[in-house]
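Raw entry_21.txt, compact mmCIF, C-alpha atoms and all ligand atoms:
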# COMPACT_ATOMS: atom_id res chain seq x y z
CA MET A 187 8.91 38.87 13.22
CA THR A 188 12.29 38.44 14.81
CA LYS A 189 11.31 37.74 18.40
CA ALA A 190 11.28 33.94 18.41
CA VAL A 191 14.36 32.62 16.67
CA PRO A 192 14.86 28.83 16.55
CA LEU A 193 18.10 27.58 18.11
CA PHE A 194 19.49 26.19 14.87
CA ILE A 195 19.20 29.63 13.26
CA VAL A 196 21.03 31.18 16.20
CA ILE A 197 23.81 28.60 15.95
CA SER A 198 24.01 29.04 12.18
CA LEU A 199 24.12 32.82 12.51
CA VAL A 200 26.98 32.65 14.98
CA ALA A 201 28.89 30.17 12.81
CA ILE A 202 28.41 32.10 9.60
CA GLY A 203 29.10 35.32 11.46
CA ILE A 204 32.48 33.97 12.49
CA TRP A 205 33.08 32.82 8.91
CA PHE A 206 31.95 36.22 7.65
CA PHE A 207 34.48 38.09 9.72
CA LEU A 208 37.37 35.75 9.51
CA VAL A 209 37.11 34.72 5.89
CA ARG A 210 35.34 37.08 3.58
CA PRO A 211 33.38 40.27 3.91
CA ASP A 212 31.54 40.88 0.66
CA ASP A 213 32.34 44.21 -0.84
CA VAL A 214 34.51 45.88 -3.35
CA GLU A 215 36.52 48.13 -1.14
CA ARG A 216 37.81 45.33 1.04
CA THR A 217 41.39 44.19 0.96
CA ILE A 218 41.94 41.65 -1.79
CA ALA A 219 42.67 38.25 -0.30
CA GLU A 220 45.19 35.86 -1.72
CA PRO A 221 43.47 32.92 -3.45
CA GLU A 222 42.74 30.13 -0.99
CA THR A 223 43.81 26.60 -1.69
CA THR A 224 41.40 24.54 0.38
CA ALA A 225 38.31 23.53 -1.55
CA ALA A 226 37.14 20.53 0.48
CA LEU A 227 33.39 20.42 0.87
CA PRO A 228 32.18 20.66 4.45
CA LEU A 229 30.21 17.78 5.92
CA GLY A 230 26.56 18.70 5.60
CA PRO A 231 25.02 21.97 4.47
CA LYS A 232 27.28 25.00 4.74
CA LEU A 233 25.92 28.41 3.92
CA SER A 234 26.89 32.07 3.69
CA SER A 235 25.60 34.65 6.14
CA LEU A 236 21.77 34.70 6.27
CA ALA A 237 21.53 32.35 3.25
CA SER A 238 18.95 29.58 2.92
CA THR A 239 19.63 26.07 1.67
CA PRO A 240 19.35 26.21 -2.11
CA ASN A 241 16.48 24.57 -3.92
CA TRP A 242 18.63 22.35 -6.09
CA SER A 243 15.67 21.22 -8.20
CA LYS A 244 15.79 24.66 -9.84
CA LEU A 245 18.90 23.51 -11.72
CA GLU A 246 16.65 21.09 -13.63
CA ALA A 247 15.58 24.07 -15.76
CA PHE A 248 19.08 24.06 -17.22
CA GLN A 249 19.08 20.55 -18.67
CA ASN A 250 20.54 20.64 -22.20
CA HIS A 251 21.22 24.35 -21.85
CA VAL A 252 24.95 24.70 -22.53
CA THR A 253 27.45 22.44 -24.26
CA ARG A 254 30.30 20.83 -22.39
CA GLU A 255 32.72 23.20 -24.14
CA GLU A 256 30.71 26.26 -23.11
CA PHE A 257 30.40 24.98 -19.55
CA GLU A 258 34.12 24.30 -19.22
CA HIS A 259 35.02 27.60 -20.86
CA ASP A 260 32.78 29.70 -18.60
CA LEU A 261 33.80 27.73 -15.51
CA THR A 262 37.52 28.22 -16.09
CA GLU A 263 37.53 31.65 -17.75
CA ILE A 264 34.79 33.45 -15.81
CA PHE A 265 33.40 31.75 -12.72
CA GLY A 266 35.86 29.52 -10.93
CA LEU A 267 39.30 30.45 -9.71
CA PRO A 268 41.82 27.57 -9.90
CA GLN A 269 41.19 24.64 -7.51
CA SER A 270 37.77 26.01 -6.66
CA TRP A 271 35.32 23.45 -8.00
CA GLU A 272 37.13 20.11 -8.27
CA ASN A 273 35.60 18.71 -5.07
CA SER A 274 32.03 19.73 -5.85
CA LEU A 275 31.59 19.31 -9.62
CA ALA A 276 32.33 16.25 -11.75
CA ILE A 277 32.36 16.95 -15.46
CA GLU A 278 31.63 14.00 -17.74
CA ASN A 279 31.27 13.92 -21.51
CA ASP A 280 27.53 14.48 -21.56
CA ALA A 281 26.70 15.99 -18.15
CA VAL A 282 27.98 17.66 -15.02
CA TRP A 283 27.32 16.21 -11.56
CA VAL A 284 26.83 18.85 -8.89
CA LYS A 285 27.20 17.92 -5.23
CA HIS A 286 24.60 19.49 -2.95
CA HIS A 287 26.97 19.03 -0.03
CA GLN A 288 29.31 16.46 1.42
CA GLY A 289 28.16 13.86 3.91
CA PRO A 290 25.84 10.89 4.37
CA ASP A 291 22.70 12.68 3.18
CA SER A 292 24.47 14.50 0.36
CA GLY A 293 22.48 14.76 -2.83
CA GLU A 294 23.62 15.38 -6.36
CA SER A 295 22.13 16.95 -9.47
CA LYS A 296 23.02 15.69 -12.93
CA ILE A 297 22.68 18.41 -15.55
CA ALA A 298 22.99 17.21 -19.15
CA PHE A 299 24.99 19.23 -21.64
CA ALA A 300 23.45 20.51 -24.87
CA THR A 301 24.77 18.98 -28.07
CA SER A 302 24.93 22.17 -30.09
CA GLU A 303 26.09 25.64 -29.09
CA LEU A 304 23.70 28.50 -28.47
CA THR A 305 25.29 31.92 -28.26
CA PRO A 306 24.17 33.82 -25.15
CA THR A 307 20.96 35.77 -25.85
CA PRO A 308 21.79 39.46 -26.21
CA LEU A 309 20.12 41.97 -23.91
CA PRO A 310 16.74 43.07 -25.30
CA PRO A 311 16.43 46.38 -27.21
CA LEU A 312 15.96 49.42 -24.98
CA SER A 313 12.29 49.71 -25.88
CA GLU A 314 11.74 46.29 -24.31
CA MET A 315 14.26 46.53 -21.50
CA HIS A 316 13.50 46.90 -17.83
CA ILE A 317 16.54 48.23 -15.99
CA ALA A 318 16.89 48.20 -12.20
CA ILE A 319 19.29 50.83 -10.89
CA ASP A 320 20.77 49.92 -7.51
CA PRO A 321 22.29 52.98 -5.82
CA GLY A 322 25.04 51.31 -3.75
CA HIS A 323 25.08 51.64 0.06
CA ILE A 324 22.54 53.59 2.16
CA GLY A 325 23.95 57.05 2.87
CA GLY A 326 22.23 59.71 4.99
CA ASP A 327 22.20 58.92 8.69
CA PHE A 328 23.70 55.50 7.96
CA ALA A 329 26.84 56.77 6.19
CA HIS A 330 29.01 56.69 9.31
CA LEU A 331 27.80 53.25 10.33
CA GLU A 332 28.53 51.78 6.89
CA GLN A 333 31.93 53.53 6.83
CA ARG A 334 31.09 55.45 3.69
CA ASN A 335 31.60 58.97 5.03
CA PHE A 336 34.78 60.88 4.13
CA GLN A 337 35.48 64.18 5.91
CA PRO A 338 39.20 64.91 5.69
CA PHE A 339 39.02 68.36 7.29
CA PRO A 340 37.49 67.94 10.75
CA ASP A 341 37.79 71.66 11.56
CA ASP A 342 36.06 72.85 8.37
CA ASP A 343 32.36 73.22 9.14
CA GLY A 344 31.62 74.20 5.55
CA GLN A 345 32.85 71.01 3.90
CA VAL A 346 30.35 68.68 2.28
CA PRO A 347 31.00 65.18 3.61
CA ILE A 348 31.60 62.61 0.89
CA ARG A 349 28.93 59.97 1.43
CA GLU A 350 28.91 57.21 -1.13
CA GLY A 351 25.27 56.26 -0.53
CA ASP A 352 24.14 59.87 -1.12
CA LEU A 353 26.25 60.24 -4.26
CA THR A 354 24.94 56.99 -5.77
CA LEU A 355 21.35 57.98 -4.97
CA ALA A 356 21.76 61.43 -6.57
CA THR A 357 23.31 59.76 -9.61
CA ALA A 358 20.47 57.24 -9.83
CA HIS A 359 17.81 59.98 -9.69
CA LEU A 360 19.55 61.72 -12.61
CA LEU A 361 20.12 58.51 -14.57
CA LYS A 362 16.55 57.18 -14.40
CA PRO A 363 14.98 59.82 -16.71
CA LEU A 364 18.01 59.69 -19.02
CA LEU A 365 17.51 55.97 -19.64
CA GLU A 366 13.74 56.41 -19.88
CA GLU A 367 14.38 59.04 -22.56
CA LEU A 368 16.06 56.27 -24.57
CA GLY A 369 12.98 54.05 -24.26
CA ALA A 370 13.82 51.80 -21.31
CA GLN A 371 11.61 51.08 -18.32
CA VAL A 372 13.61 51.97 -15.21
CA SER A 373 13.14 51.12 -11.53
CA LEU A 374 15.20 52.27 -8.57
CA VAL A 375 16.06 49.62 -6.00
CA ARG A 376 15.94 52.40 -3.37
CA ASP A 377 14.90 56.04 -3.75
CA GLN A 378 15.68 57.31 -0.23
CA PRO A 379 18.80 57.38 1.97
CA GLU A 380 17.19 54.58 3.94
CA PRO A 381 17.74 50.82 4.11
CA VAL A 382 15.54 48.51 2.06
CA THR A 383 15.63 45.90 4.81
CA THR A 384 13.29 46.37 7.78
CA GLN A 385 15.90 44.79 10.05
CA ARG A 386 18.45 46.77 12.05
CA THR A 387 21.60 46.09 14.06
CA ALA A 388 19.52 45.37 17.18
CA ASP A 389 17.90 42.41 15.42
CA PHE A 390 21.28 40.72 15.06
CA LEU A 391 22.90 41.72 18.36
CA PRO A 392 21.60 38.66 20.23
CA HIS A 393 23.21 36.33 17.68
CA PHE A 394 26.64 37.87 17.26
CA PRO A 395 29.34 38.22 19.87
CA ASP A 396 30.25 41.74 18.89
CA ARG A 397 28.45 44.87 17.87
CA LEU A 398 30.62 45.59 14.81
CA MET A 399 29.75 42.19 13.43
CA ALA A 400 26.02 42.71 14.01
CA GLU A 401 26.25 46.11 12.34
CA LYS A 402 27.88 44.65 9.25
CA ILE A 403 25.29 41.90 9.07
CA PHE A 404 22.63 44.64 9.06
CA TYR A 405 23.99 47.23 6.65
CA ARG A 406 25.73 44.88 4.30
CA THR A 407 24.36 41.34 4.37
CA ALA A 408 20.72 41.82 5.39
CA GLU A 409 20.47 45.00 3.32
CA ILE A 410 21.80 43.45 0.13
CA ARG A 411 19.69 40.33 0.65
CA ALA A 412 16.58 42.53 1.00
CA ARG A 413 17.49 44.36 -2.21
CA ALA A 414 18.02 41.06 -3.99
CA GLU A 415 14.60 39.83 -2.94
CA LEU A 416 13.04 43.04 -4.26
CA VAL A 417 14.98 42.78 -7.53
CA ASN A 418 14.48 39.05 -8.15
CA GLN A 419 10.93 38.62 -6.87
CA GLN A 420 9.24 41.93 -7.68
CA LEU A 421 11.15 43.97 -10.23
CA GLN A 422 12.49 41.06 -12.31
CA PRO A 423 14.54 43.36 -14.55
CA ASP A 424 16.48 42.43 -17.68
CA LEU A 425 19.55 44.23 -16.37
CA VAL A 426 20.79 45.62 -13.05
CA LEU A 427 23.13 48.61 -12.86
CA CYS A 428 24.88 48.80 -9.49
CA LEU A 429 26.13 52.35 -9.02
CA HIS A 430 29.13 52.84 -6.74
CA TYR A 431 31.88 55.34 -6.17
CA ASN A 432 35.25 53.86 -5.32
CA ALA A 433 37.74 54.69 -2.60
CA ASP A 434 41.34 53.93 -1.79
CA ALA A 435 42.51 53.63 1.83
CA TRP A 436 41.81 56.90 3.65
CA ASN A 437 42.79 55.91 7.18
CA ASP A 438 45.94 58.03 7.39
CA PRO A 439 44.74 61.44 8.67
CA ALA A 440 48.02 63.02 7.57
CA ASP A 441 47.54 61.89 3.98
CA PRO A 442 44.09 60.50 3.20
CA TRP A 443 44.35 61.26 -0.52
CA ALA A 444 44.38 58.69 -3.31
CA ALA A 445 47.04 59.00 -5.99
CA ARG A 446 44.90 57.99 -8.96
CA ASN A 447 41.29 58.68 -9.91
CA HIS A 448 40.36 55.40 -11.54
CA PHE A 449 37.58 53.37 -13.09
CA HIS A 450 36.62 49.73 -13.41
CA ILE A 451 33.59 47.51 -13.92
CA LEU A 452 32.75 44.25 -12.14
CA LEU A 453 30.64 41.35 -13.41
CA ASN A 454 29.86 38.17 -11.48
CA GLY A 455 32.51 35.45 -11.41
CA ALA A 456 35.92 34.56 -9.90
CA TYR A 457 34.61 32.38 -7.08
CA LEU A 458 37.21 31.38 -4.48
CA PRO A 459 37.54 27.75 -3.38
CA GLY A 460 36.02 28.58 0.00
CA GLU A 461 33.05 30.23 -1.75
CA VAL A 462 32.34 27.36 -4.15
CA ALA A 463 32.42 25.08 -1.10
CA LEU A 464 29.40 26.96 0.33
CA ASP A 465 26.17 25.39 -0.94
CA ASP A 466 24.35 28.65 -1.68
CA GLN A 467 27.30 30.23 -3.48
CA ARG A 468 27.92 27.09 -5.56
CA PHE A 469 24.24 27.13 -6.53
CA GLU A 470 24.26 30.84 -7.47
CA MET A 471 27.48 30.40 -9.44
CA LEU A 472 25.90 27.61 -11.48
CA ARG A 473 22.73 29.62 -12.05
CA HIS A 474 24.84 32.49 -13.43
CA LEU A 475 26.87 30.07 -15.52
CA PHE A 476 23.83 28.36 -17.05
CA THR A 477 21.97 31.63 -17.69
CA ARG A 478 25.19 33.13 -19.18
CA SER A 479 24.50 36.31 -17.21
CA THR A 480 28.09 37.55 -17.27
CA SER A 481 28.55 36.88 -20.99
CA ARG A 482 25.26 38.66 -21.66
CA ALA A 483 26.35 41.75 -19.70
CA LEU A 484 29.88 41.91 -21.11
CA PRO A 485 29.27 43.68 -24.47
CA LEU A 486 27.39 46.56 -22.81
CA ALA A 487 30.02 46.71 -20.06
CA GLN A 488 32.66 47.08 -22.79
CA THR A 489 30.85 50.04 -24.31
CA ILE A 490 30.35 51.66 -20.89
CA SER A 491 34.06 51.22 -20.19
CA ASP A 492 35.07 52.77 -23.52
CA VAL A 493 32.76 55.75 -23.06
CA PHE A 494 33.86 56.41 -19.46
CA LEU A 495 37.53 56.34 -20.37
CA ARG A 496 36.89 58.60 -23.35
CA GLU A 497 34.50 61.12 -21.74
CA THR A 498 36.05 61.50 -18.27
CA ASN A 499 39.54 61.99 -16.85
CA LEU A 500 39.46 58.62 -15.10
CA VAL A 501 42.22 56.09 -15.70
CA PRO A 502 41.71 52.32 -15.89
CA TYR A 503 42.08 50.41 -12.63
CA HIS A 504 43.77 47.01 -12.72
CA TYR A 505 43.87 44.40 -9.97
CA SER A 506 47.13 42.78 -9.03
CA PRO A 507 47.64 39.37 -10.66
CA THR A 508 47.28 37.67 -7.26
CA ALA A 509 43.89 39.26 -6.50
CA SER A 510 40.76 37.10 -6.49
CA ALA A 511 39.52 38.77 -9.66
CA THR A 512 39.56 37.61 -13.27
CA GLN A 513 40.07 40.11 -16.08
CA LEU A 514 37.34 39.45 -18.64
CA ASP A 515 38.69 41.69 -21.39
CA SER A 516 42.41 42.05 -21.94
CA ALA A 517 41.97 45.59 -23.30
CA ARG A 518 39.59 46.99 -20.70
CA PRO A 519 39.30 47.30 -16.88
CA ILE A 520 36.43 44.80 -16.68
CA TYR A 521 36.81 42.11 -14.03
CA ALA A 522 34.85 39.17 -12.68
CA ARG A 523 34.46 39.19 -8.92
CA ASN A 524 32.08 37.43 -6.60
CA LEU A 525 30.31 40.16 -4.63
CA LEU A 526 27.16 39.61 -2.63
CA ALA A 527 25.13 41.97 -4.84
CA ASN A 528 26.26 40.73 -8.23
CA ARG A 529 25.89 37.12 -7.05
CA LEU A 530 22.37 37.49 -5.64
CA TYR A 531 20.90 39.54 -8.48
CA GLN A 532 19.86 36.93 -10.99
CA ALA A 533 19.68 39.27 -14.01
CA PRO A 534 22.87 40.30 -15.82
CA THR A 535 24.44 42.85 -13.49
CA ILE A 536 26.94 45.59 -14.29
CA TYR A 537 28.65 46.93 -11.18
CA LEU A 538 30.30 50.29 -11.77
CA GLU A 539 33.27 51.62 -9.81
CA PRO A 540 34.16 55.03 -11.28
CA TYR A 541 35.61 58.00 -9.34
CA VAL A 542 37.77 57.58 -6.26
CA MET A 543 36.03 59.55 -3.51
CA ASN A 544 39.25 60.40 -1.69
CA HIS A 545 40.99 61.61 -4.83
CA ARG A 546 41.32 65.38 -4.60
CA ASP A 547 39.47 65.97 -7.90
CA THR A 548 36.45 63.96 -6.76
CA TYR A 549 36.45 65.62 -3.35
CA ASP A 550 36.64 69.13 -4.79
CA ARG A 551 33.94 68.39 -7.36
CA VAL A 552 31.59 67.14 -4.64
CA GLN A 553 32.20 70.44 -2.80
CA MET A 554 30.91 72.24 -5.95
CA GLY A 555 27.56 70.44 -5.60
CA ASP A 556 25.18 69.54 -8.39
CA TYR A 557 24.55 72.13 -11.13
CA GLU A 558 23.35 72.33 -14.71
CA GLY A 559 25.73 72.88 -17.61
CA VAL A 560 29.44 73.32 -16.98
CA ARG A 561 31.58 75.27 -14.53
CA ASP A 562 35.26 76.03 -14.44
CA PHE A 563 37.29 73.42 -12.59
CA ARG A 564 41.07 73.80 -12.64
CA GLY A 565 40.75 75.74 -15.91
CA GLN A 566 38.48 73.20 -17.61
CA PRO A 567 34.70 73.31 -18.14
CA VAL A 568 33.20 70.37 -16.25
CA ARG A 569 29.73 69.06 -15.54
CA SER A 570 28.73 68.34 -11.95
CA LEU A 571 30.17 65.04 -10.79
CA VAL A 572 26.86 63.21 -10.47
CA ARG A 573 25.64 64.50 -13.85
CA GLU A 574 28.83 63.48 -15.57
CA TYR A 575 28.40 59.95 -14.13
CA ALA A 576 24.74 59.68 -15.20
CA GLU A 577 25.22 61.28 -18.62
CA THR A 578 28.21 59.09 -19.39
CA ILE A 579 26.11 55.98 -18.79
CA GLN A 580 23.35 57.42 -20.96
CA GLN A 581 25.88 58.11 -23.72
CA ALA A 582 27.11 54.52 -23.52
CA PHE A 583 23.57 53.17 -23.86
CA ARG A 584 22.98 55.50 -26.80
CA GLU A 585 26.07 54.18 -28.55
CA HIS A 586 25.51 50.52 -27.68
CA PHE A 587 21.87 50.18 -28.70
CA PRO A 588 20.81 51.17 -32.20
CA SER A 589 18.25 53.96 -32.08
CA PRO A 590 14.68 52.80 -32.63
CA THR A 591 13.34 53.18 -36.18
CA SER A 592 10.18 55.22 -35.98
ZN ZN B 1 30.60 50.98 -2.91
Before we go any further, please render this structure as structure tokens.
Amino acid sequence: MTKAVPLFIVISLVAIGIWFFLVRPDDVERTIAEPETTAALPLGPKLSSLASTPNWSKLEAFQNHVTREEFEHDLTEIFGLPQSWENSLAIENDAVWVKHHQGPDSGESKIAFATSELTPTPLPPLSEMHIAIDPGHIGGDFAHLEQRNFQPFPDDDGQVPIREGDLTLATAHLLKPLLEELGAQVSLVRDQPEPVTTQRTADFLPHFPDRLMAEKIFYRTAEIRARAELVNQQLQPDLVLCLHYNADAWNDPADPWAARNHFHILLNGAYLPGEVALDDQRFEMLRHLFTRSTSRALPLAQTISDVFLRETNLVPYHYSPTASATQLDSARPIYARNLLANRLYQAPTIYLEPYVMNHRDTYDRVQMGDYEGVRDFRGQPVRSLVREYAETIQQAFREHFPSPTS
């Protein structure tokens, strides 16, 4: 499948690889970049790593879908950071013009605004809802490669390494029956500590100048793109729950511990100027805007946030005001950010970031393993970490959706 690669793909891969490393790796735990100020469209198609040119005709489905007021509100309050869209969108009274790219063969789509407001459709009741659970990262033998393996005591053979991909998978296996119990249909995006993509680092080595770059293209970009294809083409859920565990910097061997054990939720939005300037990201941003995916996910995200902060010892996490994130709820730690996963999944997507893996509480609770009921932890009865995560989500769903009348 990957043996004969046309030259233009090789050149594109190298170019986007350089962009990928220099400009923006897609993940939560990266350093937050200062907002960029250059939003000029490139000449000709310009795409993210491994992206295809968008099929712009798909925007035609959104003719007369949102009013001008709704469009401008969502663009400024959710999706676009300042100075991000001015060179690629032209908003008129009755329509928005969307540039496909800049240059002599540039096309444009004109999407007419609706004349009367339609509130975003709420998520369906649980008895009619198909939920895809995406256990973040890969774990297992891949945990070192994806830099999601925390072992602060190298001399302690008995310690359980903290592997985000294993923790999210264990949580997902516990959460699936809990949501099914409430009436939902539930699919796991992966059910093994294995990649979803069939590609590996070796497939990208010929196209990237350095091994680290090829590795990241495998475990992050190709992997999330493979998951998105599974979610969008096969599963077609009503909602995606991306399960993650968070981490603060753990590079200092003398003091790898995080000060606060915090919690936040991410929904899609807050596109940087350099991201809106990429054809595929501009297209995905508009698809999310027109389908109101973030607005549709927000009420449930609010309930999940309230229940987590009530039922666990986690404290709210807040981004700095200069971060490329937009707070969507002034009272809760719910932010819009443009991540590869929450951009590519077309359904409303709630991306959870509870528990800081290198906080001492999280570390010590992972050492206790999974167990039923409660055990003493620093004088308090606590559930196992993964069960507390899964059961807290179940509790939020129970509170958010009225119980079926039967
Ligand atoms: Zn993660």
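Compared by their closest atoms to Glu401 (chain A), and using only C-alpha atoms, the residues A:Phe328, A:Phe339, A:Phe494, A:Phe563 rank with A:Phe328 nearest.
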Hey, which residues come within 6 Å of ligand ZN 1 (chain B) if we count only C-alpha atoms and all ligand atoms? Could you give them as a PyMOL selection string?
chain A and resi 322+430-432
Which of A:Thr578, A:Ser235, A:Asn250, A:Thr354 sits closest to Ile490 (chain A) [using only C-alpha atoms]
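Under the stated criterion, the closest residue is A:Thr578.
CA of Asp515 (chain A) sits 8.2 Å away from CA of Gln488 (chain A).
Nearest residue to Asp556 (chain A), choosing from A:Pro321, A:Thr357, A:Met399, A:Leu267 and counting only C-alpha atoms: A:Thr357.
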Residues within 12 Å of Thr384 (chain A), please, as a ChimeraX atom specification. Count all atoms listed in the file; anything in the same chain fewer than 6 positions from it doesn't count.
/A:187-188,404-405,408-413
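For the atom pair formed by CA of Leu233 (chain A) and CA of Gln467 (chain A), the distance is 7.7 Å, given to one decimal.
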Write out as a list of chain:residue names each polymer residue whose atoms come within 7 Å of Tyr457 (chain A), counting only C-alpha atoms; drop sequence neighbours fewer than 4 positions from it.
A:Phe265, A:Gly266, A:Leu267, A:Glu461, A:Val462, A:Asn524
Would you output that residue set with C-alpha atoms, as an mmCIF file, in the frame of the given file?
data_model
loop_
_atom_site.group_PDB
_atom_site.id
_atom_site.type_symbol
_atom_site.label_atom_id
_atom_site.label_comp_id
_atom_site.auth_asym_id
_atom_site.auth_seq_id
_atom_site.Cartn_x
_atom_site.Cartn_y
_atom_site.Cartn_z
ATOM 1 C CA PHE A 265 33.400 31.750 -12.720
ATOM 2 C CA GLY A 266 35.860 29.520 -10.930
ATOM 3 C CA LEU A 267 39.300 30.450 -9.710
ATOM 4 C CA GLU A 461 33.050 30.230 -1.750
ATOM 5 C CA VAL A 462 32.340 27.360 -4.150
ATOM 6 C CA ASN A 524 32.080 37.430 -6.600
#
